[in-house]
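Undergrad: Below you will find the structure I want to go over with you.
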Amino acid sequence: MVLTLLLTAISLAGELDVDRPVPGKGASGPPPPTVDRPCPDQDFPTWAATRRAPSEHPERAEGWDFEATLWHRLARVAQENPSTVLPQCIGLTVEKRRIWAFSVQDRTLPVQQRLLVFAQLHALEWIGAEVAVAFIEQYATAPPPGMELVVVPVVNRDGRWRTEEDLLAHRPRTYRRANANRVDLNRDFSVNRENDNLWARLPFTRRYYYTSPAALSQPESRVVDRLAATGFDAAVSLHAFGGYVYFPWAGRYDAPDDQGRHRALAESMVADMPGRPYRINQLARNMSWFRGLGMEIDHIYGTYGTPSFLVELTRSGIRLLEPATWRDYFRWYNPRDKTPHVAAGLSILDTLVREMSAKTQGLGR
Ligand SMILES: [Zn+2]
C-alpha cells in the first residue's frame, strides 16, 4: 500500500518534473512553427521499408521494439489486411517526422461508433506504443462490426527518437518527456489551462503548474486536435506509469457534467483485467494538490464532448531491491518484461471496444 502510494506520487511527479523550459525563463531552442506542413506523398509500407532498426539491441531494452520494428510490424499487418487496415500520415512533427494513424474497420458496414487511441505524447513511455501496435494487430483480421478504431501509436516521434539514441549511447540518466521544442505536449492543449489551486500562487510550487507557451502551440498537439475534431465516441491516451484509468477533469477539481458516464466506462475498462485491476479516478482528484493544465483528456472532452481517458500503464519498472532501476528513466516507464503490461493494456481497450460494440445496431456477423 505504502509502495503503491509512493509510486503513484512519483508517477504524478513525473507528470510535473519535465525536460522543458522553466516558465518565465523563456524557451530555449527554435520557436514553435506556426504553419503545419503537409505529409510527403509516400505510402506507409514503402516508407516503413526504409526504416532500419539498430544493429545492436541494448540490453536494457531487451524485449522492447525500437520504432523501426514497430513500423515493420504495422506494414506487415497493413499489407496482409488491405481491406481493413488503412494507414495514413496525419501530420509532421517539429523535425518533420511523419505521424501515422491507422484506421481499422470492416469497410463493408456503416460506422456507428468511433474509438480513438493514441500513445506516446511522452518520449520515454514506450509501453503505450507497444499496446497501440498490439491493438491494431489484434483487430486487423476481424474488426468489431460497425466500429472504426483509429490508432496513433507514436505522437511524439522526435522525443521517441531521442530516447532511442539515449539507449544506444548508454545514457540511463537522461530524462525525456517533451517534443523537439522542449514542450510537454500534454500541457499544450486548450482546455483548463488556468489554475484555481492555492499552490499555483506560491513561489516555490508555482513552477509545477506548468503549461506550454500557448494552446496548441506545437504541431504534434495540433495533429491530435485535428483528428479528435473528426468526432469520436470515446478517446484513450496511453501513458505510463501508475496503473490508473483517469478521466476529466485533470485541470480542475469539480467533476465533469457526465461524470457518471465516464466512471461507468472506466469501470468497464478495468473489469476484466488480468491480475490486479488498475484504479480509476478523476485525475484532478487523485491528489488534492495536483492539477494537470492543458491536458489532452480535458481538451478532447471539453472541446468535442468525447468521453476521454488517460491510462497510466504499468506500475513502473522500478524495483526496490534493484538499485540500478531507481535511476534508469527508461526502466521507470518500461518494465523489464513488457508482456503482462501489454496484456493489461489490451484488456482495457478490448472491454471498451466490447462496451461500445453493444451500442452498434443490427450489425452482428
Ligand atoms: Zn505520460
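By order in the C-alpha cells, chains are A, B, ...; within a chain, residues start at 1; ligands start at 1, following the order shown.
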Give me, as a list in words, all polymer residues having an atom no more than 7 Å from Leu216 in chain A, counting only C-alpha atoms and skipping those fewer than 3 positions away in the same chain.

TA: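 Final neighbour list, sorted by chain and number: Asp188, Phe189, Ser190, Ser221 and Arg222 of chain A.
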
Undergrad: Please write the residues from the selection above to a file, keeping N, CA and C atoms, as an mmCIF file, in the first residue's frame.

TA:
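Listing of part.cif after writing:
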data_model
loop_
_atom_site.group_PDB
_atom_site.id
_atom_site.type_symbol
_atom_site.label_atom_id
_atom_site.label_comp_id
_atom_site.auth_asym_id
_atom_site.auth_seq_id
_atom_site.Cartn_x
_atom_site.Cartn_y
_atom_site.Cartn_z
ATOM 1 N N ASP A 188 -0.085 21.238 -23.600
ATOM 2 C CA ASP A 188 -0.187 22.147 -24.747
ATOM 3 C C ASP A 188 -1.610 22.242 -25.300
ATOM 4 N N PHE A 189 -2.566 21.605 -24.633
ATOM 5 C CA PHE A 189 -3.928 21.639 -25.162
ATOM 6 C C PHE A 189 -4.673 22.855 -24.600
ATOM 7 N N SER A 190 -5.916 23.035 -25.074
ATOM 8 C CA SER A 190 -6.511 24.363 -24.898
ATOM 9 C C SER A 190 -7.503 24.492 -23.747
ATOM 10 N N SER A 221 0.511 18.436 -31.102
ATOM 11 C CA SER A 221 -0.786 18.555 -30.423
ATOM 12 C C SER A 221 -1.866 19.012 -31.395
ATOM 13 N N ARG A 222 -1.461 19.797 -32.389
ATOM 14 C CA ARG A 222 -2.456 20.192 -33.405
ATOM 15 C C ARG A 222 -2.916 18.976 -34.213
#

Undergrad: With only C-alpha atoms and all ligand atoms counted and 9 Å as the cut-off, give the residues of chain A in contact with ligand 1, each with its shortest interatomic distance in Å and the pair that gives it, as JSON lines.

TA:
{"residue": "A:Ser11", "atom": "CA", "partner": "ligand 1", "partner_atom_place_in_ligand_line": "1 (Zn)", "distance": 8.9}
{"residue": "A:Gly14", "atom": "CA", "partner": "ligand 1", "partner_atom_place_in_ligand_line": "1 (Zn)", "distance": 7.8}
{"residue": "A:Glu15", "atom": "CA", "partner": "ligand 1", "partner_atom_place_in_ligand_line": "1 (Zn)", "distance": 6.5}
{"residue": "A:Ala119", "atom": "CA", "partner": "ligand 1", "partner_atom_place_in_ligand_line": "1 (Zn)", "distance": 8.7}
{"residue": "A:Gln120", "atom": "CA", "partner": "ligand 1", "partner_atom_place_in_ligand_line": "1 (Zn)", "distance": 7.1}
{"residue": "A:Leu121", "atom": "CA", "partner": "ligand 1", "partner_atom_place_in_ligand_line": "1 (Zn)", "distance": 6.4}
{"residue": "A:His122", "atom": "CA", "partner": "ligand 1", "partner_atom_place_in_ligand_line": "1 (Zn)", "distance": 4.9}
{"residue": "A:Ala123", "atom": "CA", "partner": "ligand 1", "partner_atom_place_in_ligand_line": "1 (Zn)", "distance": 8.1}
{"residue": "A:Leu124", "atom": "CA", "partner": "ligand 1", "partner_atom_place_in_ligand_line": "1 (Zn)", "distance": 8.2}
{"residue": "A:Glu125", "atom": "CA", "partner": "ligand 1", "partner_atom_place_in_ligand_line": "1 (Zn)", "distance": 6.4}
{"residue": "A:Arg177", "atom": "CA", "partner": "ligand 1", "partner_atom_place_in_ligand_line": "1 (Zn)", "distance": 7.7}
{"residue": "A:Asn186", "atom": "CA", "partner": "ligand 1", "partner_atom_place_in_ligand_line": "1 (Zn)", "distance": 7.6}
{"residue": "A:Ser237", "atom": "CA", "partner": "ligand 1", "partner_atom_place_in_ligand_line": "1 (Zn)", "distance": 8.8}
{"residue": "A:Leu238", "atom": "CA", "partner": "ligand 1", "partner_atom_place_in_ligand_line": "1 (Zn)", "distance": 7.4}
{"residue": "A:His239", "atom": "CA", "partner": "ligand 1", "partner_atom_place_in_ligand_line": "1 (Zn)", "distance": 4.3}
{"residue": "A:Ala240", "atom": "CA", "partner": "ligand 1", "partner_atom_place_in_ligand_line": "1 (Zn)", "distance": 5.5}
{"residue": "A:Phe241", "atom": "CA", "partner": "ligand 1", "partner_atom_place_in_ligand_line": "1 (Zn)", "distance": 7.5}
{"residue": "A:Leu310", "atom": "CA", "partner": "ligand 1", "partner_atom_place_in_ligand_line": "1 (Zn)", "distance": 8.7}
{"residue": "A:Val311", "atom": "CA", "partner": "ligand 1", "partner_atom_place_in_ligand_line": "1 (Zn)", "distance": 8.9}
{"residue": "A:Glu312", "atom": "CA", "partner": "ligand 1", "partner_atom_place_in_ligand_line": "1 (Zn)", "distance": 7.4}

Undergrad: Keeping only C-alpha atoms, write the selected residues to a file as a CSV table (one decimal), in the first residue's frame.

TA:
chain,number,residue,atom,x,y,z
A,11,SER,CA,4.2,8.9,-11.3
A,14,GLY,CA,6.6,12.5,-13.5
A,15,GLU,CA,3.7,14.4,-14.9
A,119,ALA,CA,0.1,6.9,-27.4
A,120,GLN,CA,3.5,8.4,-26.7
A,121,LEU,CA,2.8,12.1,-26.2
A,122,HIS,CA,5.7,11.5,-23.8
A,123,ALA,CA,9.0,10.4,-25.1
A,124,LEU,CA,10.0,7.6,-22.6
A,125,GLU,CA,6.7,5.9,-22.4
A,177,ARG,CA,9.4,13.8,-22.0
A,186,ASN,CA,0.4,17.1,-22.6
A,237,SER,CA,-4.5,8.3,-24.4
A,238,LEU,CA,-1.9,5.8,-23.4
A,239,HIS,CA,0.8,6.8,-20.9
A,240,ALA,CA,2.9,5.3,-18.1
A,241,PHE,CA,3.2,4.6,-15.3
A,310,LEU,CA,-5.8,8.7,-19.7
A,311,VAL,CA,-4.4,5.3,-19.0
A,312,GLU,CA,-1.2,5.1,-16.9

Undergrad: Need to verify the contact set: Thr230 in chain A, 12 Å, only C-alpha atoms, exclusion of same-chain residues closer than 5 positions in sequence. Can you return it as a ChimeraX atom specification?

TA: /A:114-116,150,223-225,235,300,303-306

Undergrad: I need the chosen residues saved as an mmCIF file, in the first residue's frame, with C-alpha atoms.

TA:
data_model
loop_
_atom_site.group_PDB
_atom_site.id
_atom_site.type_symbol
_atom_site.label_atom_id
_atom_site.label_comp_id
_atom_site.auth_asym_id
_atom_site.auth_seq_id
_atom_site.Cartn_x
_atom_site.Cartn_y
_atom_site.Cartn_z
ATOM 1 C CA ARG A 114 -15.590 5.506 -33.411
ATOM 2 C CA LEU A 115 -12.794 4.939 -30.903
ATOM 3 C CA LEU A 116 -9.587 6.995 -30.874
ATOM 4 C CA VAL A 150 -8.313 4.969 -35.173
ATOM 5 C CA VAL A 223 -2.381 16.816 -35.163
ATOM 6 C CA VAL A 224 -4.164 15.222 -32.193
ATOM 7 C CA ASP A 225 -6.662 18.089 -32.106
ATOM 8 C CA ALA A 235 -10.804 8.533 -26.744
ATOM 9 C CA ILE A 300 -10.951 16.290 -26.166
ATOM 10 C CA THR A 303 -13.927 20.794 -26.867
ATOM 11 C CA TYR A 304 -15.597 17.886 -28.627
ATOM 12 C CA GLY A 305 -17.683 16.246 -25.882
ATOM 13 C CA THR A 306 -15.919 12.909 -26.360
#

Undergrad: May I ask which of the residues A:Tyr244, A:Phe66, A:Tyr175, A:Trp100 is the closest one to Glu130 in chain A, counting only C-alpha atoms?

TA: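 So, comparing all the options, the nearest one is A:Phe66.
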
Undergrad: Please identify all polymer residues within 10 Å of Phe247 in chain A, counting only C-alpha atoms, omitting same-chain residues fewer than 6 positions from it, and present them as a PyMOL selection string.

TA: chain A and resi 236+255-256+259+262-263+265-266+280-284+297-298+301+307-311

Undergrad: Which distance in Å separates CA of Trp126 in chain A and CA of Arg252 in chain A, to one decimal?

TA: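 Calculated distance between CA of Trp126 in chain A and CA of Arg252 in chain A is 28.2 Å.
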